>>> print(open('my_file33.txt').read())   # compact mmCIF, C-alpha atoms (C1' of nucleotides)
# COMPACT_ATOMS: atom_id res chain seq x y z
CA MET A 1 128.29 67.50 65.94
CA ASN A 2 127.69 67.64 69.68
CA ILE A 3 130.38 67.57 72.32
CA GLY A 4 129.94 63.84 72.96
CA THR A 5 130.64 62.98 69.36
CA ALA A 6 133.63 65.29 69.24
CA ALA A 7 134.87 63.65 72.42
CA ARG A 8 134.59 60.18 70.93
CA GLN A 9 136.29 61.21 67.71
CA SER A 10 139.15 63.08 69.33
CA GLY A 11 139.77 60.97 72.39
CA VAL A 12 139.35 63.97 74.68
CA PRO A 13 136.54 63.54 77.24
CA ALA A 14 133.66 66.00 76.95
CA LYS A 15 134.40 67.23 80.42
CA THR A 16 137.96 67.98 79.45
CA ILE A 17 136.93 69.74 76.26
CA ARG A 18 134.81 72.11 78.33
CA TYR A 19 137.73 72.65 80.63
CA TYR A 20 140.06 73.44 77.71
CA GLU A 21 137.50 75.94 76.51
CA SER A 22 137.18 77.50 79.96
CA VAL A 23 140.91 78.11 80.26
CA GLY A 24 141.15 79.43 76.74
CA LEU A 25 143.22 76.63 75.28
CA ILE A 26 140.65 76.19 72.53
CA GLY A 27 138.19 78.77 71.35
CA ALA A 28 134.59 78.83 72.55
CA ALA A 29 132.49 76.55 70.39
CA GLU A 30 129.42 77.90 68.67
CA ARG A 31 126.11 77.01 70.19
CA THR A 32 122.76 75.79 68.98
CA ALA A 33 119.68 77.78 69.87
CA SER A 34 119.30 75.63 72.94
CA GLY A 35 122.88 76.16 74.08
CA TYR A 36 124.52 72.94 72.93
CA ARG A 37 128.12 73.29 71.79
CA VAL A 38 128.65 72.51 68.11
CA TYR A 39 131.88 71.15 66.65
CA GLY A 40 133.22 70.60 63.18
CA ARG A 41 135.92 68.40 61.71
CA ASP A 42 138.56 71.08 62.22
CA ASP A 43 137.76 71.21 65.89
CA VAL A 44 138.18 67.48 66.21
CA GLU A 45 141.55 67.78 64.52
CA THR A 46 142.61 70.48 66.92
CA LEU A 47 141.50 68.35 69.83
CA ARG A 48 143.53 65.44 68.53
CA PHE A 49 146.54 67.70 68.27
CA VAL A 50 146.03 68.79 71.85
CA GLN A 51 145.58 65.21 72.92
CA ARG A 52 148.88 64.11 71.38
CA ALA A 53 150.80 67.05 72.75
CA ARG A 54 149.40 66.47 76.24
CA SER A 55 150.31 62.81 76.05
CA LEU A 56 153.87 63.89 75.31
CA GLY A 57 153.81 65.76 78.57
CA PHE A 58 153.40 69.32 77.35
CA SER A 59 151.52 71.41 79.87
CA VAL A 60 148.23 72.91 78.80
CA GLU A 61 150.00 76.24 78.56
CA ALA A 62 152.75 74.81 76.37
CA VAL A 63 150.13 73.18 74.17
CA GLY A 64 148.62 76.63 73.79
CA ASN A 65 151.93 77.85 72.40
CA LEU A 66 152.20 74.88 70.09
CA LEU A 67 148.69 75.49 68.83
CA THR A 68 149.53 79.08 68.07
CA LEU A 69 152.61 78.00 66.19
CA TRP A 70 150.66 75.31 64.42
CA ARG A 71 148.20 77.83 63.09
CA ASP A 72 150.78 80.49 62.33
CA ARG A 73 152.10 79.85 58.87
CA SER A 74 154.88 82.36 59.23
CA ARG A 75 156.39 80.96 62.38
CA SER A 76 159.84 79.48 62.21
CA SER A 77 160.38 75.83 62.89
CA ALA A 78 163.13 76.95 65.29
CA GLU A 79 160.52 78.11 67.77
CA VAL A 80 158.77 74.79 67.73
CA LYS A 81 162.02 72.92 67.99
CA ALA A 82 163.07 75.00 70.98
CA LEU A 83 159.83 74.15 72.74
CA ALA A 84 160.29 70.47 72.06
CA GLU A 85 163.89 70.54 73.18
CA ARG A 86 162.99 72.25 76.41
CA ARG A 87 160.49 69.50 76.94
CA VAL A 88 163.15 66.86 76.35
CA ALA A 89 165.36 68.59 78.92
CA ASP A 90 162.47 68.54 81.42
CA ILE A 91 162.05 64.85 80.82
CA ASP A 92 165.77 64.23 81.31
CA ARG A 93 165.70 66.04 84.62
CA LYS A 94 162.72 64.07 85.78
CA MET A 95 164.24 60.79 84.70
CA ALA A 96 167.48 61.53 86.52
CA GLU A 97 165.51 62.27 89.65
CA LEU A 98 163.59 59.03 89.35
CA ALA A 99 166.75 57.07 88.66
CA GLU A 100 168.25 58.38 91.86
CA MET A 101 165.19 57.47 93.88
CA ARG A 102 165.17 54.06 92.31
CA ALA A 103 168.81 53.43 93.11
CA THR A 104 168.32 54.39 96.74
CA LEU A 105 165.25 52.24 97.10
CA LEU A 106 166.92 49.32 95.44
CA TYR A 107 169.96 49.67 97.63
CA LEU A 108 167.73 49.51 100.67
CA THR A 109 165.43 46.74 99.50
CA GLU A 110 168.34 44.55 98.52
CA ARG A 111 169.61 44.70 102.03
CA CYS A 112 166.26 43.88 103.55
CA HIS A 113 165.57 40.23 104.33
CA GLY A 114 161.91 40.69 103.65
CA ASP A 115 160.87 37.97 106.03
CA ALA A 116 158.94 37.79 109.27
CA ARG A 117 161.73 39.36 111.27
CA PRO A 118 161.35 43.02 112.13
CA GLU A 119 164.88 44.15 111.30
CA CYS A 120 164.58 46.37 108.28
CA PRO A 121 167.36 48.41 106.70
CA ILE A 122 164.76 50.28 104.67
CA LEU A 123 163.25 51.86 107.74
CA LEU A 124 166.66 52.50 109.20
CA GLY A 125 167.65 54.16 105.97
CA LEU A 126 164.59 56.36 106.03
CA ALA A 127 165.22 57.18 109.66
CA GLY A 128 168.59 58.54 108.64
CA LYS A 129 170.75 55.90 110.23
CA ALA A 130 172.97 54.28 107.68
CA ALA A 131 171.53 50.97 106.62
CA ALA A 132 173.35 48.21 108.47
CA SER A 133 175.96 46.59 106.28
CA ASP A 134 177.43 44.17 108.82
CA SER A 135 176.41 41.11 106.82
CA ASP A 136 177.64 42.33 103.44
CA MET B 1 160.84 73.84 120.71
CA ASN B 2 158.56 75.87 118.46
CA ILE B 3 157.48 74.90 114.98
CA GLY B 4 160.10 77.09 113.32
CA THR B 5 162.91 75.35 115.11
CA ALA B 6 161.46 71.94 114.34
CA ALA B 7 161.18 73.02 110.72
CA ARG B 8 164.81 74.08 110.55
CA GLN B 9 166.01 70.91 112.23
CA SER B 10 163.93 68.54 110.14
CA GLY B 11 164.01 70.27 106.79
CA VAL B 12 160.22 70.28 106.62
CA PRO B 13 158.75 73.79 106.26
CA ALA B 14 156.53 74.94 109.13
CA LYS B 15 153.65 75.32 106.74
CA THR B 16 154.08 71.73 105.64
CA ILE B 17 154.30 70.46 109.20
CA ARG B 18 150.93 72.03 109.92
CA TYR B 19 149.57 70.44 106.77
CA TYR B 20 150.87 67.02 107.80
CA GLU B 21 149.17 67.47 111.14
CA SER B 22 145.92 68.53 109.51
CA VAL B 23 145.76 65.43 107.33
CA GLY B 24 146.70 63.14 110.19
CA LEU B 25 150.09 62.06 108.90
CA ILE B 26 151.63 63.12 112.19
CA GLY B 27 149.88 63.49 115.52
CA ALA B 28 148.67 66.85 116.77
CA ALA B 29 151.47 68.58 118.64
CA GLU B 30 150.94 69.72 122.20
CA ARG B 31 150.37 73.40 122.72
CA THR B 32 151.65 76.04 125.08
CA ALA B 33 149.10 78.04 127.07
CA SER B 34 149.13 80.60 124.26
CA GLY B 35 148.49 78.03 121.56
CA TYR B 36 151.97 77.57 120.14
CA ARG B 37 152.79 74.06 118.95
CA VAL B 38 155.55 72.38 120.93
CA TYR B 39 157.91 69.74 119.51
CA GLY B 40 160.50 67.45 120.97
CA ARG B 41 163.48 65.58 119.55
CA ASP B 42 161.36 62.57 118.70
CA ASP B 43 159.09 64.72 116.64
CA VAL B 44 162.01 66.10 114.69
CA GLU B 45 163.17 62.57 114.05
CA THR B 46 159.75 61.62 112.77
CA LEU B 47 159.70 64.66 110.53
CA ARG B 48 163.07 63.73 109.11
CA PHE B 49 161.79 60.25 108.41
CA VAL B 50 158.82 61.73 106.62
CA GLN B 51 161.05 64.09 104.72
CA ARG B 52 163.28 61.31 103.44
CA ALA B 53 160.39 59.09 102.47
CA ARG B 54 158.69 61.95 100.63
CA SER B 55 161.91 62.74 98.79
CA LEU B 56 161.92 59.14 97.61
CA GLY B 57 158.54 59.77 96.08
CA PHE B 58 156.31 58.01 98.59
CA SER B 59 152.93 59.69 98.73
CA VAL B 60 151.83 61.21 102.00
CA GLU B 61 149.50 58.27 102.42
CA ALA B 62 152.27 55.75 101.79
CA VAL B 63 154.48 57.58 104.25
CA GLY B 64 151.69 57.13 106.78
CA ASN B 65 151.94 53.37 106.27
CA LEU B 66 155.71 53.47 106.58
CA LEU B 67 155.45 55.46 109.78
CA THR B 68 153.08 52.89 111.23
CA LEU B 69 155.49 50.13 110.29
CA TRP B 70 158.40 52.11 111.64
CA ARG B 71 156.79 52.37 115.03
CA ASP B 72 155.47 48.85 115.11
CA ARG B 73 158.14 46.67 116.64
CA SER B 74 156.32 43.50 115.78
CA ARG B 75 155.92 44.18 112.09
CA SER B 76 157.75 42.02 109.63
CA SER B 77 160.36 43.47 107.34
CA ALA B 78 158.50 41.80 104.48
CA GLU B 79 155.73 44.35 104.75
CA VAL B 80 158.15 47.22 104.46
CA LYS B 81 159.98 45.59 101.62
CA ALA B 82 156.74 45.09 99.74
CA LEU B 83 155.95 48.78 100.03
CA ALA B 84 159.38 49.74 98.80
CA GLU B 85 159.17 47.31 95.92
CA ARG B 86 155.83 48.64 94.87
CA ARG B 87 157.42 52.06 94.86
CA VAL B 88 160.24 50.82 92.64
CA ALA B 89 157.66 49.38 90.26
CA ASP B 90 155.87 52.75 90.19
CA ILE B 91 159.12 54.43 89.34
CA ASP B 92 159.83 51.93 86.59
CA ARG B 93 156.45 52.58 85.05
CA LYS B 94 156.93 56.30 85.17
CA MET B 95 160.40 56.06 83.70
CA ALA B 96 159.20 53.90 80.85
CA GLU B 97 156.52 56.44 80.11
CA LEU B 98 159.02 59.28 80.12
CA ALA B 99 161.41 57.30 77.94
CA GLU B 100 158.69 56.85 75.37
CA MET B 101 157.82 60.53 75.37
CA ARG B 102 161.46 61.36 75.07
CA ALA B 103 162.02 59.04 72.15
CA THR B 104 159.06 60.45 70.27
CA LEU B 105 160.11 64.03 70.89
CA LEU B 106 163.67 63.29 69.90
CA TYR B 107 162.56 61.54 66.76
CA LEU B 108 160.58 64.61 65.82
CA THR B 109 163.15 67.21 66.78
CA GLU B 110 165.89 65.42 64.91
CA ARG B 111 163.88 65.73 61.76
CA CYS B 112 163.21 69.42 62.28
CA HIS B 113 165.54 71.88 60.60
CA GLY B 114 165.11 74.35 63.38
CA ASP B 115 165.61 77.35 61.16
CA ALA B 116 163.48 80.21 59.93
CA ARG B 117 161.48 78.05 57.55
CA PRO B 118 158.06 77.05 58.74
CA GLU B 119 158.18 73.38 57.75
CA CYS B 120 158.10 71.49 60.98
CA PRO B 121 157.84 67.73 61.38
CA ILE B 122 157.15 68.22 65.06
CA LEU B 123 153.87 69.96 64.40
CA LEU B 124 153.01 67.48 61.69
CA GLY B 125 153.73 64.70 64.11
CA LEU B 126 151.47 66.20 66.71
CA ALA B 127 148.79 66.74 64.13
CA GLY B 128 148.77 63.02 63.55
CA LYS B 129 150.25 63.03 60.11
CA ALA B 130 153.40 60.97 59.97
CA ALA B 131 156.44 63.19 60.09
CA ALA B 132 157.83 63.60 56.59
CA SER B 133 160.83 61.41 55.98
CA ASP B 134 161.48 62.29 52.34
CA SER B 135 164.90 63.78 53.04
CA ASP B 136 166.20 61.00 55.26
C1' DG C 1 156.93 99.37 131.14
C1' DC C 2 156.72 99.79 126.41
C1' DC C 3 158.39 99.20 121.43
C1' DG C 4 160.10 96.60 117.52
C1' DG C 5 160.88 92.57 115.32
C1' DA C 6 160.62 87.88 114.98
C1' DC C 7 157.81 84.53 115.91
C1' DC C 8 153.31 82.10 116.16
C1' DT C 9 148.08 81.32 115.16
C1' DT C 10 143.99 80.42 111.84
C1' DC C 11 141.82 80.96 107.49
C1' DC C 12 141.33 81.51 102.69
C1' DC C 13 143.12 81.40 98.03
C1' DA C 14 146.12 79.70 94.19
C1' DT C 15 148.49 76.14 91.85
C1' DC C 16 147.35 72.16 87.83
C1' DT C 17 144.47 69.08 85.28
C1' DT C 18 141.14 66.73 85.32
C1' DT C 19 136.96 63.99 87.24
C1' DG C 20 132.70 63.44 89.82
C1' DG C 21 128.23 64.73 90.90
C1' DA C 22 123.94 67.44 91.39
C1' DA C 23 120.20 69.88 89.41
C1' DG C 24 118.03 70.87 85.50
C1' DG C 25 117.03 71.64 80.23
C1' DT C 26 116.81 69.19 75.29
C1' DT C 27 116.48 65.84 71.72
C1' DA C 28 115.04 61.66 69.73
C1' DT C 29 112.40 57.56 69.89
C1' DC C 30 108.62 54.59 71.01
C1' DG D 1 103.77 61.97 76.77
C1' DA D 2 107.07 59.01 78.79
C1' DT D 3 111.82 57.53 78.67
C1' DA D 4 116.52 57.44 77.72
C1' DA D 5 120.37 59.65 76.28
C1' DC D 6 122.07 63.58 75.61
C1' DC D 7 123.37 68.43 76.97
C1' DT D 8 124.01 72.67 80.26
C1' DT D 9 126.17 75.14 84.52
C1' DC D 10 128.21 75.18 88.93
C1' DC D 11 130.50 73.21 92.95
C1' DA D 12 133.88 70.25 94.95
C1' DA D 13 137.50 66.88 95.20
C1' DA D 14 142.08 65.21 94.32
C1' DG D 15 147.74 66.03 96.01
C1' DA D 16 150.98 68.69 98.33
C1' DT D 17 152.21 72.56 99.18
C1' DG D 18 153.03 78.05 98.98
C1' DG D 19 151.46 82.79 99.66
C1' DG D 20 149.49 86.14 102.23
C1' DA D 21 146.23 88.54 105.42
C1' DA D 22 144.82 89.62 110.06
C1' DG D 23 145.95 89.15 114.47
C1' DG D 24 148.15 87.26 118.99
C1' DT D 25 152.86 86.42 121.58
C1' DC D 26 157.55 86.44 123.09
C1' DC D 27 161.99 88.51 123.99
C1' DG D 28 165.59 91.94 124.01
C1' DG D 29 166.73 96.64 124.60
C1' DC D 30 165.99 101.20 126.31
>>> encode(input="my_file33.txt", output="structure tokens")
Amino acid sequence: MNIGTAARQSGVPAKTIRYYESVGLIGAAERTASGYRVYGRDDVETLRFVQRARSLGFSVEAVGNLLTLWRDRSRSSAEVKALAERRVADIDRKMAELAEMRATLLYLTERCHGDARPECPILLGLAGKAAASDSD
Amino acid sequence: MNIGTAARQSGVPAKTIRYYESVGLIGAAERTASGYRVYGRDDVETLRFVQRARSLGFSVEAVGNLLTLWRDRSRSSAEVKALAERRVADIDRKMAELAEMRATLLYLTERCHGDARPECPILLGLAGKAAASDSD
DNA sequence: GCCGGACCTTCCCATCTTTGGAAGGTTATC
DNA sequence: GATAACCTTCCAAAGATGGGAAGGTCCGGC
């Protein structure tokens, strides 16, 4: 099948498939005499795997590792688990960061009248002056 | 003061200050006869504002809007509040996404022995086959 | 009056993962 | 043989920096 078909079947855009090939995440596809890339069912499966892993936030590089492990029958599940756990830790860090941002923003927005008046604790907060709390 | 001093006082790296100038987030600084950028206390204050807003996850473009509102004495606090609330909504979306990733990863890792054996529900999960649950 | 070191300047490249487009060749169908 | 729908490569953009090269400048000490 051509790249367009593989794209439709795997959910990975043709453009992105070419990119994955260019950075070595997936192997170079065979070509027809006229230069068209040719894919088989296995390739589509690999692309789906990549797609799922990416959607779970693994970097392209990490997906490369996962692919290697996927294909390596002698690998230990511990390696895979370690990768996944590192990913969970990344996510936790990111979530904590977002939670902190959110709390700060909420603190500021709750104190802002949000009307036609110009007084705005949000801007004061961003400016570094403590948000006014005189009316709390 | 020179850019290095402004950088130290604002917490924004010199390199980044130049970038902000180049994309129009902050105005072009005046120059000495020899071409050095010159900053005053107001500029440092602006940079701090930018720094705080960026650390709350506002994009450079959004910070531009906030800066405009900050300087506009006739603006309504409602405008600012709307921006901040949109930001909170962004954060909520992102956190929900991360939570979903996390749950999936955790579901898979919990089912993985994590030993020397190659069986690995994580890889099966990524491959699209439902993770085996025969030993649950 | 000059030297060293710390500062500044611009410019280009790298990051990361796509996505868009331009210019051009191919395949299939009418 | 025209037309549409594919495919190819290559270049550039996005966002927000960071790194480094090549070169000019400022200040203190001797």
>>> interface_residues(input="my_file33.txt", of="chain B", to="chain C", cutoff="10 Å", atoms="all atoms listed in the file", output="list in words")
Asn2, Ile3, Gly4, Ser34, Gly35, Tyr36 and Arg37 of chain B
>>> residues_around(input="my_file33.txt", residues="Ile17 (chain A)", least_positions_apart="2", cutoff="9 Å", atoms="only C-alpha atoms (C1' of nucleotides)", output="list in words")
Ile3, Ala6, Ala7, Val12, Pro13, Ala14, Lys15, Tyr19, Tyr20, Glu21, Ser22, Ile26 and Leu47 of chain A
>>> atom_distance(input="my_file33.txt", atom1="CA of His113 (chain B)", atom2="CA of Val63 (chain A)")
20.6 Å
>>> interface_residues(input="my_file33.txt", of="chain D", to="chain B", cutoff="12 Å", atoms="all atoms listed in the file", output="PyMOL selection string")
chain D and resi 15-19+24-26
>>> closest_residue(input="my_file33.txt", among="A:Gly128, A:Glu97, A:Cys120, A:Arg41", to="Ser76 (chain B)", atoms="all atoms listed in the file")
A:Cys120
>>> closest_atom_pairs(input="my_file33.txt", of="chain A", to="chain B", cutoff="6 Å", atoms="all atoms listed in the file", output="tab-separated table")
residue	atom	partner	partner_atom	distance
A:Phe49	CA	B:Ala127	CA	4.8
A:Arg52	CA	B:Leu126	CA	5.7
A:Leu56	CA	B:Met101	CA	5.2
A:Arg75	CA	B:Pro118	CA	5.6
A:Ser76	CA	B:Ala116	CA	4.4
A:Ser77	CA	B:Pro118	CA	4.9
A:Ala78	CA	B:Gly114	CA	3.8
A:Lys81	CA	B:Gly114	CA	5.7
A:Val88	CA	B:Arg102	CA	5.9
A:Met101	CA	B:Leu56	CA	5.2
A:Arg102	CA	B:Val88	CA	5.9
A:Thr109	CA	B:Lys81	CA	6.0
A:Gly114	CA	B:Ala78	CA	3.7
A:Asp115	CA	B:Ala78	CA	4.8
A:Ala116	CA	B:Ser76	CA	4.4
A:Arg117	CA	B:Ser76	CA	5.1
A:Pro118	CA	B:Ser76	CA	4.5
A:Cys120	CA	B:Ser77	CA	5.2
A:Leu126	CA	B:Phe49	CA	5.4
A:Ala127	CA	B:Phe49	CA	4.8
>>> atom_distance(input="my_file33.txt", atom1="C1' of DG20 (chain D)", atom2="CA of Ala33 (chain B)")
26.1 Å
>>> atom_distance(input="my_file33.txt", atom1="CA of Gly11 (chain B)", atom2="CA of Val23 (chain B)")
18.9 Å
>>> build_atoms(input="my_file33.txt", residues="region 22-52 of chain A", atoms="N, CA and C atoms", output="PDB file, in the coordinates of the input")
ATOM      1  N   SER A  22     137.270  76.550  78.838  1.00  0.00           N
ATOM      2  CA  SER A  22     137.180  77.500  79.960  1.00  0.00           C
ATOM      3  C   SER A  22     138.504  78.180  80.256  1.00  0.00           C
ATOM      4  N   VAL A  23     139.614  77.483  79.989  1.00  0.00           N
ATOM      5  CA  VAL A  23     140.910  78.110  80.260  1.00  0.00           C
ATOM      6  C   VAL A  23     141.500  78.748  79.000  1.00  0.00           C
ATOM      7  N   GLY A  24     140.714  78.727  77.934  1.00  0.00           N
ATOM      8  CA  GLY A  24     141.150  79.430  76.740  1.00  0.00           C
ATOM      9  C   GLY A  24     142.137  78.684  75.870  1.00  0.00           C
ATOM     10  N   LEU A  25     142.309  77.394  76.132  1.00  0.00           N
ATOM     11  CA  LEU A  25     143.220  76.630  75.280  1.00  0.00           C
ATOM     12  C   LEU A  25     142.625  76.490  73.883  1.00  0.00           C
ATOM     13  N   ILE A  26     141.352  76.232  73.827  1.00  0.00           N
ATOM     14  CA  ILE A  26     140.650  76.190  72.530  1.00  0.00           C
ATOM     15  C   ILE A  26     139.577  77.273  72.564  1.00  0.00           C
ATOM     16  N   GLY A  27     139.185  77.709  71.412  1.00  0.00           N
ATOM     17  CA  GLY A  27     138.190  78.770  71.350  1.00  0.00           C
ATOM     18  C   GLY A  27     136.818  78.268  71.798  1.00  0.00           C
ATOM     19  N   ALA A  28     135.942  79.201  72.131  1.00  0.00           N
ATOM     20  CA  ALA A  28     134.590  78.830  72.550  1.00  0.00           C
ATOM     21  C   ALA A  28     133.842  78.300  71.339  1.00  0.00           C
ATOM     22  N   ALA A  29     133.234  77.142  71.494  1.00  0.00           N
ATOM     23  CA  ALA A  29     132.490  76.550  70.390  1.00  0.00           C
ATOM     24  C   ALA A  29     131.215  77.350  70.156  1.00  0.00           C
ATOM     25  N   GLU A  30     130.718  77.274  68.931  1.00  0.00           N
ATOM     26  CA  GLU A  30     129.420  77.900  68.670  1.00  0.00           C
ATOM     27  C   GLU A  30     128.357  77.083  69.377  1.00  0.00           C
ATOM     28  N   ARG A  31     127.179  77.680  69.466  1.00  0.00           N
ATOM     29  CA  ARG A  31     126.110  77.010  70.190  1.00  0.00           C
ATOM     30  C   ARG A  31     124.855  76.907  69.337  1.00  0.00           C
ATOM     31  N   THR A  32     124.078  75.886  69.609  1.00  0.00           N
ATOM     32  CA  THR A  32     122.760  75.790  68.980  1.00  0.00           C
ATOM     33  C   THR A  32     121.844  76.751  69.723  1.00  0.00           C
ATOM     34  N   ALA A  33     120.639  76.889  69.234  1.00  0.00           N
ATOM     35  CA  ALA A  33     119.680  77.780  69.870  1.00  0.00           C
ATOM     36  C   ALA A  33     119.462  77.378  71.322  1.00  0.00           C
ATOM     37  N   SER A  34     119.559  76.104  71.577  1.00  0.00           N
ATOM     38  CA  SER A  34     119.300  75.630  72.940  1.00  0.00           C
ATOM     39  C   SER A  34     120.559  75.601  73.798  1.00  0.00           C
ATOM     40  N   GLY A  35     121.678  76.055  73.254  1.00  0.00           N
ATOM     41  CA  GLY A  35     122.880  76.160  74.080  1.00  0.00           C
ATOM     42  C   GLY A  35     123.876  75.029  73.943  1.00  0.00           C
ATOM     43  N   TYR A  36     123.576  74.046  73.133  1.00  0.00           N
ATOM     44  CA  TYR A  36     124.520  72.940  72.930  1.00  0.00           C
ATOM     45  C   TYR A  36     125.732  73.424  72.146  1.00  0.00           C
ATOM     46  N   ARG A  37     126.918  72.957  72.542  1.00  0.00           N
ATOM     47  CA  ARG A  37     128.120  73.290  71.790  1.00  0.00           C
ATOM     48  C   ARG A  37     128.129  72.505  70.470  1.00  0.00           C
ATOM     49  N   VAL A  38     128.588  73.149  69.420  1.00  0.00           N
ATOM     50  CA  VAL A  38     128.650  72.510  68.110  1.00  0.00           C
ATOM     51  C   VAL A  38     130.089  72.468  67.619  1.00  0.00           C
ATOM     52  N   TYR A  39     130.515  71.308  67.137  1.00  0.00           N
ATOM     53  CA  TYR A  39     131.880  71.150  66.650  1.00  0.00           C
ATOM     54  C   TYR A  39     131.922  70.682  65.216  1.00  0.00           C
ATOM     55  N   GLY A  40     133.018  71.042  64.556  1.00  0.00           N
ATOM     56  CA  GLY A  40     133.220  70.600  63.180  1.00  0.00           C
ATOM     57  C   GLY A  40     134.441  69.708  63.098  1.00  0.00           C
ATOM     58  N   ARG A  41     134.783  69.297  61.881  1.00  0.00           N
ATOM     59  CA  ARG A  41     135.920  68.400  61.710  1.00  0.00           C
ATOM     60  C   ARG A  41     137.241  69.050  62.135  1.00  0.00           C
ATOM     61  N   ASP A  42     137.346  70.353  61.852  1.00  0.00           N
ATOM     62  CA  ASP A  42     138.560  71.080  62.220  1.00  0.00           C
ATOM     63  C   ASP A  42     138.764  71.050  63.738  1.00  0.00           C
ATOM     64  N   ASP A  43     137.671  71.193  64.430  1.00  0.00           N
ATOM     65  CA  ASP A  43     137.760  71.210  65.890  1.00  0.00           C
ATOM     66  C   ASP A  43     138.258  69.873  66.406  1.00  0.00           C
ATOM     67  N   VAL A  44     137.751  68.817  65.798  1.00  0.00           N
ATOM     68  CA  VAL A  44     138.180  67.480  66.210  1.00  0.00           C
ATOM     69  C   VAL A  44     139.689  67.330  65.959  1.00  0.00           C
ATOM     70  N   GLU A  45     140.134  67.873  64.830  1.00  0.00           N
ATOM     71  CA  GLU A  45     141.550  67.780  64.520  1.00  0.00           C
ATOM     72  C   GLU A  45     142.378  68.533  65.557  1.00  0.00           C
ATOM     73  N   THR A  46     141.921  69.697  65.895  1.00  0.00           N
ATOM     74  CA  THR A  46     142.610  70.480  66.920  1.00  0.00           C
ATOM     75  C   THR A  46     142.660  69.703  68.234  1.00  0.00           C
ATOM     76  N   LEU A  47     141.550  69.105  68.580  1.00  0.00           N
ATOM     77  CA  LEU A  47     141.500  68.350  69.830  1.00  0.00           C
ATOM     78  C   LEU A  47     142.471  67.178  69.800  1.00  0.00           C
ATOM     79  N   ARG A  48     142.573  66.549  68.648  1.00  0.00           N
ATOM     80  CA  ARG A  48     143.530  65.440  68.530  1.00  0.00           C
ATOM     81  C   ARG A  48     144.950  65.937  68.721  1.00  0.00           C
ATOM     82  N   PHE A  49     145.219  67.085  68.128  1.00  0.00           N
ATOM     83  CA  PHE A  49     146.540  67.700  68.270  1.00  0.00           C
ATOM     84  C   PHE A  49     146.830  67.928  69.760  1.00  0.00           C
ATOM     85  N   VAL A  50     145.882  68.514  70.416  1.00  0.00           N
ATOM     86  CA  VAL A  50     146.030  68.790  71.850  1.00  0.00           C
ATOM     87  C   VAL A  50     146.272  67.494  72.606  1.00  0.00           C
ATOM     88  N   GLN A  51     145.490  66.507  72.267  1.00  0.00           N
ATOM     89  CA  GLN A  51     145.580  65.210  72.920  1.00  0.00           C
ATOM     90  C   GLN A  51     146.992  64.629  72.798  1.00  0.00           C
ATOM     91  N   ARG A  52     147.537  64.663  71.611  1.00  0.00           N
ATOM     92  CA  ARG A  52     148.880  64.110  71.380  1.00  0.00           C
ATOM     93  C   ARG A  52     149.929  64.897  72.140  1.00  0.00           C
TER      94      ARG A  52
END
